[in-house]
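Visitor: File input_31.txt below, compact mmCIF, C-alpha atoms and all ligand atoms:
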# COMPACT_ATOMS: atom_id res chain seq x y z
CA ALA A 1 37.60 187.41 -117.41
CA ALA A 2 37.54 189.26 -120.72
CA GLY A 3 36.74 192.94 -121.28
CA ALA A 4 35.43 194.72 -124.36
CA ALA A 5 38.67 196.55 -125.13
CA SER A 6 40.79 193.47 -125.63
CA LEU A 7 38.53 191.41 -127.88
CA PRO A 8 37.63 191.37 -131.57
CA PRO A 9 33.95 192.38 -132.05
CA ASP A 10 32.74 188.93 -133.15
CA VAL A 11 34.22 187.35 -130.03
CA TRP A 12 32.93 190.11 -127.75
CA ALA A 13 29.43 189.53 -129.13
CA LYS A 14 29.55 185.95 -127.84
CA VAL A 15 31.08 186.85 -124.50
CA LYS A 16 29.23 189.93 -123.35
CA ASP A 17 26.04 188.19 -122.18
CA HIS A 18 27.53 184.88 -121.02
CA PRO A 19 27.97 184.98 -117.25
CA CYS A 20 30.69 182.33 -117.24
CA TYR A 21 32.79 183.89 -119.99
CA SER A 22 32.59 187.50 -118.86
CA GLU A 23 33.22 188.67 -115.35
CA GLU A 24 31.05 191.74 -115.95
CA ALA A 25 28.20 189.72 -117.44
CA HIS A 26 27.98 187.45 -114.44
CA HIS A 27 26.37 190.24 -112.44
CA TYR A 28 23.63 190.88 -115.00
CA PHE A 29 22.93 187.75 -117.00
CA ALA A 30 21.62 184.41 -115.83
CA ARG A 31 22.29 180.90 -117.05
CA MET A 32 20.38 177.73 -116.44
CA HIS A 33 21.26 174.06 -116.75
CA VAL A 34 18.88 171.22 -117.51
CA ALA A 35 20.01 167.79 -116.34
CA VAL A 36 19.01 165.79 -119.42
CA ALA A 37 22.27 163.85 -120.06
CA PRO A 38 22.75 161.09 -117.46
CA ALA A 39 25.12 158.72 -119.32
CA CYS A 40 28.91 158.99 -119.12
CA ASN A 41 31.71 157.22 -121.01
CA ILE A 42 34.64 157.58 -118.61
CA GLN A 43 35.35 157.09 -114.92
CA CYS A 44 37.06 159.91 -113.03
CA ASN A 45 38.49 158.87 -109.69
CA TYR A 46 36.75 161.83 -108.06
CA CYS A 47 33.30 160.96 -109.40
CA ASN A 48 30.49 159.14 -107.69
CA ARG A 49 27.95 158.23 -110.35
CA LYS A 50 25.03 158.86 -108.04
CA PHE A 51 25.67 162.60 -108.28
CA ASP A 52 26.18 165.28 -110.94
CA CYS A 53 29.27 165.30 -113.15
CA ALA A 54 31.97 166.74 -110.92
CA ASN A 55 33.70 168.26 -113.94
CA GLU A 56 31.34 171.22 -113.82
CA SER A 57 29.55 170.90 -110.48
CA ARG A 58 30.12 170.52 -106.79
CA PRO A 59 30.07 166.89 -105.69
CA GLY A 60 27.29 165.47 -103.59
CA VAL A 61 24.54 167.13 -105.62
CA VAL A 62 21.72 165.20 -107.26
CA SER A 63 19.89 167.07 -109.99
CA GLU A 64 16.37 166.52 -111.16
CA ARG A 65 16.76 164.31 -114.24
CA LEU A 66 14.55 165.31 -117.12
CA THR A 67 13.63 164.04 -120.56
CA PRO A 68 14.37 166.46 -123.45
CA GLU A 69 10.68 167.43 -123.54
CA GLU A 70 10.58 168.10 -119.80
CA GLY A 71 13.87 169.98 -120.04
CA ALA A 72 12.56 172.21 -122.82
CA ARG A 73 9.34 172.86 -120.89
CA LYS A 74 11.38 173.94 -117.90
CA VAL A 75 13.54 176.29 -119.99
CA LEU A 76 10.45 178.01 -121.39
CA ALA A 77 9.02 178.44 -117.90
CA VAL A 78 12.24 179.91 -116.57
CA ALA A 79 12.63 182.21 -119.58
CA ALA A 80 9.14 183.55 -118.93
CA SER A 81 9.98 184.59 -115.37
CA VAL A 82 13.76 185.26 -115.36
CA PRO A 83 14.28 188.09 -117.87
CA GLN A 84 18.08 188.01 -117.46
CA LEU A 85 18.24 184.44 -118.78
CA SER A 86 20.79 184.45 -121.60
CA VAL A 87 22.40 180.98 -121.59
CA LEU A 88 21.15 177.40 -121.54
CA GLY A 89 23.88 174.93 -120.60
CA ILE A 90 23.82 171.13 -120.57
CA ALA A 91 26.39 169.86 -118.10
CA GLY A 92 25.28 166.39 -117.24
CA PRO A 93 24.57 164.95 -114.80
CA GLY A 94 26.77 162.69 -117.02
CA ASP A 95 28.41 163.75 -120.28
CA ALA A 96 26.56 166.01 -122.72
CA CYS A 97 28.47 164.72 -125.77
CA TYR A 98 28.29 161.02 -124.93
CA ASP A 99 24.56 161.45 -124.27
CA TRP A 100 24.30 163.42 -127.50
CA VAL A 101 20.88 162.22 -128.63
CA ARG A 102 19.23 163.71 -125.53
CA THR A 103 21.43 166.81 -125.53
CA ARG A 104 20.70 167.54 -129.19
CA ALA A 105 16.96 166.94 -128.82
CA THR A 106 16.79 169.36 -125.89
CA PHE A 107 18.70 172.11 -127.68
CA ALA A 108 16.61 171.66 -130.83
CA LEU A 109 13.32 171.96 -128.92
CA VAL A 110 14.49 175.07 -127.08
CA ALA A 111 16.08 176.79 -130.10
CA ARG A 112 12.79 176.54 -131.98
CA ARG A 113 10.96 178.50 -129.27
CA LEU A 114 13.78 180.74 -127.98
CA PRO A 115 15.99 181.50 -130.99
CA ASP A 116 18.08 184.09 -129.12
CA ILE A 117 19.16 182.00 -126.16
CA ARG A 118 22.85 181.02 -126.21
CA LEU A 119 23.56 177.31 -126.09
CA CYS A 120 26.43 175.94 -124.06
CA LEU A 121 27.62 172.45 -123.20
CA SER A 122 30.14 170.81 -120.97
CA THR A 123 31.99 167.55 -121.74
CA ASN A 124 34.96 165.38 -120.82
CA GLY A 125 35.87 165.53 -124.53
CA LEU A 126 36.07 161.81 -125.33
CA ALA A 127 33.06 161.86 -127.65
CA LEU A 128 33.64 165.42 -128.85
CA PRO A 129 35.67 165.31 -132.12
CA GLU A 130 32.99 163.79 -134.38
CA LEU A 131 30.33 166.17 -133.02
CA VAL A 132 32.07 169.42 -133.87
CA ASP A 133 30.27 169.92 -137.20
CA GLU A 134 26.88 169.37 -135.55
CA ILE A 135 27.80 171.65 -132.66
CA VAL A 136 28.62 174.42 -135.11
CA ASP A 137 25.51 173.76 -137.21
CA MET A 138 23.34 174.03 -134.09
CA ASN A 139 24.90 177.38 -133.13
CA ILE A 140 26.30 176.05 -129.87
CA ASP A 141 28.94 178.70 -129.50
CA HIS A 142 30.33 177.87 -126.05
CA VAL A 143 31.81 174.51 -125.03
CA THR A 144 33.54 173.57 -121.79
CA VAL A 145 36.01 170.68 -121.91
CA THR A 146 37.39 169.26 -118.67
CA ILE A 147 41.10 168.61 -119.18
CA ASN A 148 42.96 167.46 -116.08
CA MET A 149 46.18 166.29 -117.74
CA VAL A 150 48.13 166.30 -120.99
CA ASP A 151 50.35 163.36 -119.99
CA PRO A 152 48.91 159.82 -119.77
CA GLU A 153 51.26 159.05 -116.89
CA VAL A 154 49.42 161.68 -114.85
CA GLY A 155 46.13 160.63 -116.37
CA GLU A 156 46.28 157.02 -115.26
CA ARG A 157 46.13 158.22 -111.66
CA ILE A 158 42.91 160.14 -112.41
CA TYR A 159 41.02 157.88 -114.84
CA PRO A 160 40.71 154.15 -114.07
CA TRP A 161 38.90 153.48 -117.36
CA ILE A 162 37.21 154.92 -120.42
CA TYR A 163 34.63 153.43 -122.78
CA HIS A 164 35.54 154.15 -126.39
CA ASP A 165 35.04 152.48 -129.76
CA HIS A 166 32.77 149.76 -128.31
CA ARG A 167 35.18 148.63 -125.61
CA ARG A 168 36.59 149.51 -122.23
CA TRP A 169 40.18 150.77 -122.00
CA THR A 170 42.19 150.92 -118.78
CA GLY A 171 45.60 152.12 -117.59
CA ARG A 172 47.80 154.36 -119.68
CA ASP A 173 46.01 153.47 -122.93
CA ALA A 174 42.78 154.93 -121.53
CA SER A 175 44.43 158.24 -120.67
CA ARG A 176 46.36 158.40 -123.94
CA ILE A 177 43.16 158.01 -125.95
CA LEU A 178 41.30 160.52 -123.77
CA HIS A 179 44.14 163.03 -124.11
CA GLU A 180 44.33 162.68 -127.91
CA ARG A 181 40.57 163.06 -128.26
CA GLN A 182 40.47 166.10 -125.97
CA MET A 183 43.19 167.86 -127.97
CA GLU A 184 41.54 166.98 -131.27
CA GLY A 185 38.16 168.23 -130.12
CA LEU A 186 39.64 171.44 -128.73
CA GLU A 187 41.53 172.16 -131.96
CA ARG A 188 38.51 171.49 -134.16
CA LEU A 189 36.23 173.70 -132.07
CA THR A 190 38.57 176.68 -131.89
CA ALA A 191 39.29 176.36 -135.63
CA ARG A 192 35.54 176.80 -136.21
CA GLY A 193 35.27 179.85 -133.94
CA VAL A 194 33.55 178.14 -130.99
CA LEU A 195 34.64 179.65 -127.67
CA VAL A 196 36.12 176.93 -125.48
CA LYS A 197 36.54 177.08 -121.74
CA VAL A 198 38.82 174.45 -120.22
CA ASN A 199 38.06 173.25 -116.71
CA SER A 200 40.83 171.53 -114.77
CA VAL A 201 40.16 169.90 -111.41
CA MET A 202 43.18 170.59 -109.20
CA ILE A 203 44.15 167.42 -107.31
CA PRO A 204 47.02 167.96 -104.86
CA GLY A 205 49.92 165.58 -105.37
CA ILE A 206 48.44 164.29 -108.64
CA ASN A 207 48.17 167.12 -111.18
CA ASP A 208 48.79 170.40 -109.29
CA ALA A 209 52.30 171.02 -110.65
CA HIS A 210 51.24 169.62 -114.04
CA LEU A 211 48.52 172.27 -114.54
CA VAL A 212 51.13 174.72 -115.85
CA GLU A 213 51.77 172.35 -118.75
CA VAL A 214 48.02 171.83 -119.24
CA ASN A 215 47.58 175.60 -119.42
CA ARG A 216 50.41 175.92 -121.97
CA GLN A 217 48.97 173.26 -124.25
CA VAL A 218 45.34 174.39 -124.16
CA THR A 219 46.39 178.00 -124.72
CA ALA A 220 48.38 176.90 -127.77
CA ARG A 221 45.23 175.23 -129.11
CA GLY A 222 43.10 178.32 -128.74
CA ALA A 223 41.24 177.83 -125.44
CA PHE A 224 39.54 181.09 -124.50
CA LEU A 225 39.39 180.60 -120.74
CA HIS A 226 41.02 178.25 -118.26
CA ASN A 227 39.17 177.55 -115.05
CA ILE A 228 41.07 175.80 -112.24
CA MET A 229 38.52 174.13 -109.96
CA PRO A 230 39.51 172.79 -106.57
CA LEU A 231 38.82 169.12 -105.96
CA ILE A 232 36.16 169.09 -103.30
CA SER A 233 36.78 165.91 -101.40
CA ASP A 234 33.72 164.96 -99.46
CA PRO A 235 33.89 161.43 -98.06
CA ALA A 236 30.43 161.89 -96.53
CA HIS A 237 29.06 161.96 -100.07
CA GLY A 238 31.29 159.21 -101.38
CA THR A 239 33.48 161.52 -103.44
CA ALA A 240 36.83 160.63 -101.89
CA PHE A 241 39.44 159.99 -104.57
CA GLY A 242 39.43 156.43 -105.87
CA LEU A 243 39.96 154.01 -103.05
CA ALA A 244 42.34 156.07 -100.96
CA GLY A 245 41.16 159.33 -99.46
CA GLN A 246 42.40 162.39 -101.34
CA ARG A 247 42.25 165.90 -99.95
CA GLY A 248 41.36 168.95 -102.03
CA PRO A 249 43.64 171.99 -102.30
CA THR A 250 43.56 174.77 -99.73
CA ALA A 251 42.45 178.22 -100.90
CA ARG A 252 46.09 179.32 -100.73
CA GLU A 253 47.31 176.41 -102.88
CA LEU A 254 44.59 177.13 -105.43
CA ALA A 255 45.52 180.82 -105.58
CA ALA A 256 49.22 179.94 -105.93
CA VAL A 257 48.55 177.79 -109.01
CA GLN A 258 46.25 180.44 -110.49
CA ASP A 259 48.98 183.05 -110.00
CA ARG A 260 51.50 180.88 -111.84
CA LEU A 261 49.13 180.64 -114.80
CA GLU A 262 48.56 184.35 -115.37
CA GLY A 263 49.79 185.07 -118.88
CA GLY A 264 48.45 181.92 -120.57
CA ALA A 265 44.77 181.54 -121.49
CA LYS A 266 42.70 183.95 -119.40
CA LEU A 267 41.77 182.52 -116.05
CA MET A 268 38.22 182.37 -114.81
CA ARG A 269 38.13 183.24 -111.14
CA HIS A 270 34.39 183.65 -110.59
CA CYS A 271 33.33 180.01 -111.17
CA ARG A 272 30.79 178.75 -108.65
CA GLN A 273 30.82 175.06 -109.64
CA CYS A 274 27.11 175.15 -110.24
CA ARG A 275 24.83 172.13 -110.33
CA ALA A 276 23.59 170.35 -113.45
CA ASP A 277 20.15 171.92 -112.87
CA ALA A 278 21.23 175.37 -111.65
CA VAL A 279 19.05 178.39 -112.48
CA GLY A 280 19.85 182.07 -112.09
CA LEU A 281 22.84 184.36 -111.78
CA LEU A 282 26.15 182.70 -110.96
CA GLY A 283 26.35 182.31 -107.21
CA GLU A 284 22.57 182.25 -106.92
CA ASP A 285 20.53 179.10 -107.45
CA ARG A 286 16.81 179.32 -108.06
CA GLY A 287 16.62 175.76 -109.34
CA GLN A 288 14.26 174.74 -106.54
CA ASP A 289 11.73 177.34 -107.74
CA PHE A 290 11.48 175.57 -111.07
CA THR A 291 11.30 171.86 -110.36
CA LEU A 292 9.01 169.97 -112.70
CA ASP A 293 6.21 169.51 -110.16
CA ARG A 294 6.08 173.28 -109.70
CA LEU A 295 5.73 174.02 -113.39
CA GLY A 296 2.31 172.42 -113.42
FE1 LIG U 1 31.76 161.56 -113.36
FE2 LIG U 1 31.73 163.66 -114.99
FE3 LIG U 1 33.95 162.15 -114.77
FE4 LIG U 1 31.77 161.20 -116.02
S1 LIG U 1 33.06 162.93 -116.69
S2 LIG U 1 33.04 160.10 -114.49
S3 LIG U 1 30.08 162.09 -114.79
S4 LIG U 1 33.02 163.43 -113.13
FE1 LIG U 2 28.10 176.77 -119.68
FE2 LIG U 2 29.50 175.83 -117.61
FE3 LIG U 2 28.48 178.27 -117.48
FE4 LIG U 2 26.90 176.14 -117.36
S1 LIG U 2 28.44 176.78 -115.84
S2 LIG U 2 26.53 177.97 -118.57
S3 LIG U 2 27.94 174.71 -118.81
S4 LIG U 2 30.09 177.55 -118.91
Re-express the file's structure as structure tokens.

Guide:
Amino acid sequence: AAGAASLPPDVWAKVKDHPCYSEEAHHYFARMHVAVAPACNIQCNYCNRKFDCANESRPGVVSERLTPEEGARKVLAVAASVPQLSVLGIAGPGDACYDWVRTRATFALVARRLPDIRLCLSTNGLALPELVDEIVDMNIDHVTVTINMVDPEVGERIYPWIYHDHRRWTGRDASRILHERQMEGLERLTARGVLVKVNSVMIPGINDAHLVEVNRQVTARGAFLHNIMPLISDPAHGTAFGLAGQRGPTARELAAVQDRLEGGAKLMRHCRQCRADAVGLLGEDRGQDFTLDRLG
């Protein structure tokens, strides 16, 4: 992704040790996730609630679910033995913003003990707009928003329902509300100087051609990086799309879309779709070395 030469110093300072935001950093700095946020407020057709949020992770993965106190204990243990640890992310297994009470408690406990660790969260964006002030106050300077569409007509084929404002919404209304909230959250974050990465799950025949328009609109609203993730359709793990089976893109189709997007927001090409309890360098997962029963 970004290099030192092209960035203002304040932005470079936030990017240089974040393995997801800097291609160079991903060789030297480690991130970890703690799976403290199980609740989610929307239904994506590609999600099976038994597993981690597929907006940031591979499907079919079940993370160790922790309370904020357990999560913080795990972060301290990892920090003591992984010196390259620079980022703590909360990416589910549900939605970090909808499950804000647990997300906030975890970050607060960790920040008190490890003031230099960078805080990062991942969300579908529905609950994001009202949290922007708190996110900034807590020094969370990296947020990932999964944005799969900017047109509710496309969205209604991806999201059967959302839960918002104390009720369930379906059909085009659900996607219209989700879209408006995603754009509002993105604009508020970038206006406050938070670096925002947009993840889009590429779903052949549903939003593949539409991703060019997604890229245009998120770039216009200040997204720092755009990460196109292939849908990984895995019927064995119950992650087929909605009721009908839906294939994921081939490597060639994915590369073709990425090539069309060069020139908009910078593309991230080193994403590893890591689990909600991943530990280590990108592409490496030491999570099993740090399960709660091993921390003692
Ligand atoms: Fe599943 Fe994540 Fe979508 Fe929620 S936002 S339905 S956890 S994929
Ligand atoms: Fe943050 Fe996503 Fe990287 Fe985790 S994988 S550290 S949530 S950008």

Visitor: Which residues are near ligand LIG 1 (chain U) - at most 7 Å, using all atoms listed in the file? Format: as a PyMOL selection string.

Guide: chain A and resi 40-44+46-49+52-55+92-95+123-124

Visitor: Mind working out the centre and edge lengths of an axis-aligned box for ligand LIG 2 (chain U), all listed atoms inside, 3 Å added to each side, rounded to one decimal in Å and written as JSON?

Guide:
{"center_x": 28.3, "center_y": 176.5, "center_z": -117.8, "size_x": 9.6, "size_y": 9.6, "size_z": 9.8}

Visitor: Show me the residues around (14.9, 180.9, -112.0) - criterion: an atom at most 10 Å away, only C-alpha atoms counted - as JSON, numbers by chain.

Guide: {"A": [30, 31, 32, 74, 75, 77, 78, 79, 80, 81, 82, 83, 84, 85, 278, 279, 280, 281, 284, 285, 286, 287, 288, 289, 290, 291]}

Visitor: Go ahead and save the picked residues with C-alpha atoms, as a PDB file, in the frame of the given file.

Guide:
ATOM      1  CA  ALA A  30      21.620 184.410-115.830  1.00  0.00           C
ATOM      2  CA  ARG A  31      22.290 180.900-117.050  1.00  0.00           C
ATOM      3  CA  MET A  32      20.380 177.730-116.440  1.00  0.00           C
ATOM      4  CA  LYS A  74      11.380 173.940-117.900  1.00  0.00           C
ATOM      5  CA  VAL A  75      13.540 176.290-119.990  1.00  0.00           C
ATOM      6  CA  ALA A  77       9.020 178.440-117.900  1.00  0.00           C
ATOM      7  CA  VAL A  78      12.240 179.910-116.570  1.00  0.00           C
ATOM      8  CA  ALA A  79      12.630 182.210-119.580  1.00  0.00           C
ATOM      9  CA  ALA A  80       9.140 183.550-118.930  1.00  0.00           C
ATOM     10  CA  SER A  81       9.980 184.590-115.370  1.00  0.00           C
ATOM     11  CA  VAL A  82      13.760 185.260-115.360  1.00  0.00           C
ATOM     12  CA  PRO A  83      14.280 188.090-117.870  1.00  0.00           C
ATOM     13  CA  GLN A  84      18.080 188.010-117.460  1.00  0.00           C
ATOM     14  CA  LEU A  85      18.240 184.440-118.780  1.00  0.00           C
ATOM     15  CA  ALA A 278      21.230 175.370-111.650  1.00  0.00           C
ATOM     16  CA  VAL A 279      19.050 178.390-112.480  1.00  0.00           C
ATOM     17  CA  GLY A 280      19.850 182.070-112.090  1.00  0.00           C
ATOM     18  CA  LEU A 281      22.840 184.360-111.780  1.00  0.00           C
ATOM     19  CA  GLU A 284      22.570 182.250-106.920  1.00  0.00           C
ATOM     20  CA  ASP A 285      20.530 179.100-107.450  1.00  0.00           C
ATOM     21  CA  ARG A 286      16.810 179.320-108.060  1.00  0.00           C
ATOM     22  CA  GLY A 287      16.620 175.760-109.340  1.00  0.00           C
ATOM     23  CA  GLN A 288      14.260 174.740-106.540  1.00  0.00           C
ATOM     24  CA  ASP A 289      11.730 177.340-107.740  1.00  0.00           C
ATOM     25  CA  PHE A 290      11.480 175.570-111.070  1.00  0.00           C
ATOM     26  CA  THR A 291      11.300 171.860-110.360  1.00  0.00           C
TER      27      THR A 291
END

Visitor: Please provide as an MDAnalysis selection string all residues within 9 Å of Glu64 (chain A), with the sequence filter that same-chain residues fewer than 6 positions apart are discarded (counting only C-alpha atoms).

Guide: chainID A and resid 34:36 276:277 291:292

Visitor: Rounded to one decimal, what separation in Å do you get between CA of Arg73 (chain A) and CA of Thr146 (chain A)?

Guide: 28.4 Å

Visitor: Between A:Gln217, A:Thr170, A:Thr67, A:Ser86, which residue has the minimum interatomic distance to His26 (chain A), considering only C-alpha atoms?

Guide: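 Among the listed residues, A:Ser86 lies closest to His26 (chain A).
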
Visitor: Between A:Asp17, A:Asp133, A:Asp173, A:Glu69, which has the minimum distance to Asp116 (chain A) (counting all atoms listed in the file)?

Guide: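 Closest candidate: A:Asp17.
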
Visitor: Distance CA of Thr103 (chain A)-CA of Leu295 (chain A), one decimal place?

Guide: 21.1 Å

Visitor: May I have the residues at most 6 Å from (28.2, 178.5, -125.9) in the file's coordinates, counting all atoms listed in the file, as a PyMOL selection string?

Guide: chain A and resi 118-120+140-143

Visitor: Rounded to one decimal place, report the CA of Ala91 (chain A)-CA of Gln182 (chain A) distance in Å.

Guide: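 Straight-line distance from CA of Ala91 (chain A) to CA of Gln182 (chain A) works out to 16.6 Å.
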
Visitor: Could you give me, as JSON lines, a per-residue list for chain A showing, wherever an atom lies at most 7 Å from an atom of ligand LIG 2 (chain U), the closest pair of atoms and their distance in Å to one decimal, using all atoms listed in the file and sorting by chain then residue number from low to high?

Guide:
{"residue": "A:Pro19", "atom": "CA", "partner": "U:LIG2", "partner_atom": "FE3", "distance": 6.7}
{"residue": "A:Cys20", "atom": "CA", "partner": "U:LIG2", "partner_atom": "FE3", "distance": 4.6}
{"residue": "A:Tyr21", "atom": "CA", "partner": "U:LIG2", "partner_atom": "S4", "distance": 7.0}
{"residue": "A:Arg31", "atom": "CA", "partner": "U:LIG2", "partner_atom": "S2", "distance": 5.4}
{"residue": "A:Met32", "atom": "CA", "partner": "U:LIG2", "partner_atom": "S2", "distance": 6.5}
{"residue": "A:His33", "atom": "CA", "partner": "U:LIG2", "partner_atom": "FE4", "distance": 6.0}
{"residue": "A:Glu56", "atom": "CA", "partner": "U:LIG2", "partner_atom": "FE2", "distance": 6.2}
{"residue": "A:Val87", "atom": "CA", "partner": "U:LIG2", "partner_atom": "S2", "distance": 5.9}
{"residue": "A:Leu88", "atom": "CA", "partner": "U:LIG2", "partner_atom": "S2", "distance": 6.2}
{"residue": "A:Gly89", "atom": "CA", "partner": "U:LIG2", "partner_atom": "S3", "distance": 4.4}
{"residue": "A:Ile90", "atom": "CA", "partner": "U:LIG2", "partner_atom": "S3", "distance": 5.7}
{"residue": "A:Ala91", "atom": "CA", "partner": "U:LIG2", "partner_atom": "S3", "distance": 5.1}
{"residue": "A:Cys120", "atom": "CA", "partner": "U:LIG2", "partner_atom": "FE1", "distance": 4.8}
{"residue": "A:Leu121", "atom": "CA", "partner": "U:LIG2", "partner_atom": "S3", "distance": 4.9}
{"residue": "A:Ser122", "atom": "CA", "partner": "U:LIG2", "partner_atom": "S3", "distance": 5.0}
{"residue": "A:His142", "atom": "CA", "partner": "U:LIG2", "partner_atom": "FE1", "distance": 6.8}
{"residue": "A:Val143", "atom": "CA", "partner": "U:LIG2", "partner_atom": "FE1", "distance": 6.9}
{"residue": "A:Thr144", "atom": "CA", "partner": "U:LIG2", "partner_atom": "S4", "distance": 6.0}
{"residue": "A:Gln273", "atom": "CA", "partner": "U:LIG2", "partner_atom": "S1", "distance": 6.9}
{"residue": "A:Cys274", "atom": "CA", "partner": "U:LIG2", "partner_atom": "S1", "distance": 6.0}

Visitor: Taking into account only C-alpha atoms, which residue in the set A:Pro152, A:Lys50, A:Ser57, A:Ala37 is nearest to Arg102 (chain A)?

Guide: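 So, comparing all the options, the nearest one is A:Ala37.
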
Visitor: Which is closest to Ala108 (chain A) among A:Pro68, A:Pro160, A:Gly283, A:Gly155, if we use only C-alpha atoms?

Guide: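 Of all the options, A:Pro68 lies closest to Ala108 (chain A).
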
Visitor: Can you pull out every residue within 7 Å of region 206-213 of chain A, counting only C-alpha atoms, but drop anything in the same chain fewer than 5 positions away, and send it as a VMD selection string?

Guide: chain A and resid 149 154 261

Visitor: With a distance cut-off of 8 Å and only C-alpha atoms, select the neighbouring residues of region 219-229 of chain A, excluding the residue or stretch itself and same-chain residues fewer than 4 positions from it, and output the selection as a PyMOL selection string.

Guide: chain A and resi 1+21+183+186-187+190+195-202+215+254+258+264-269+271+273
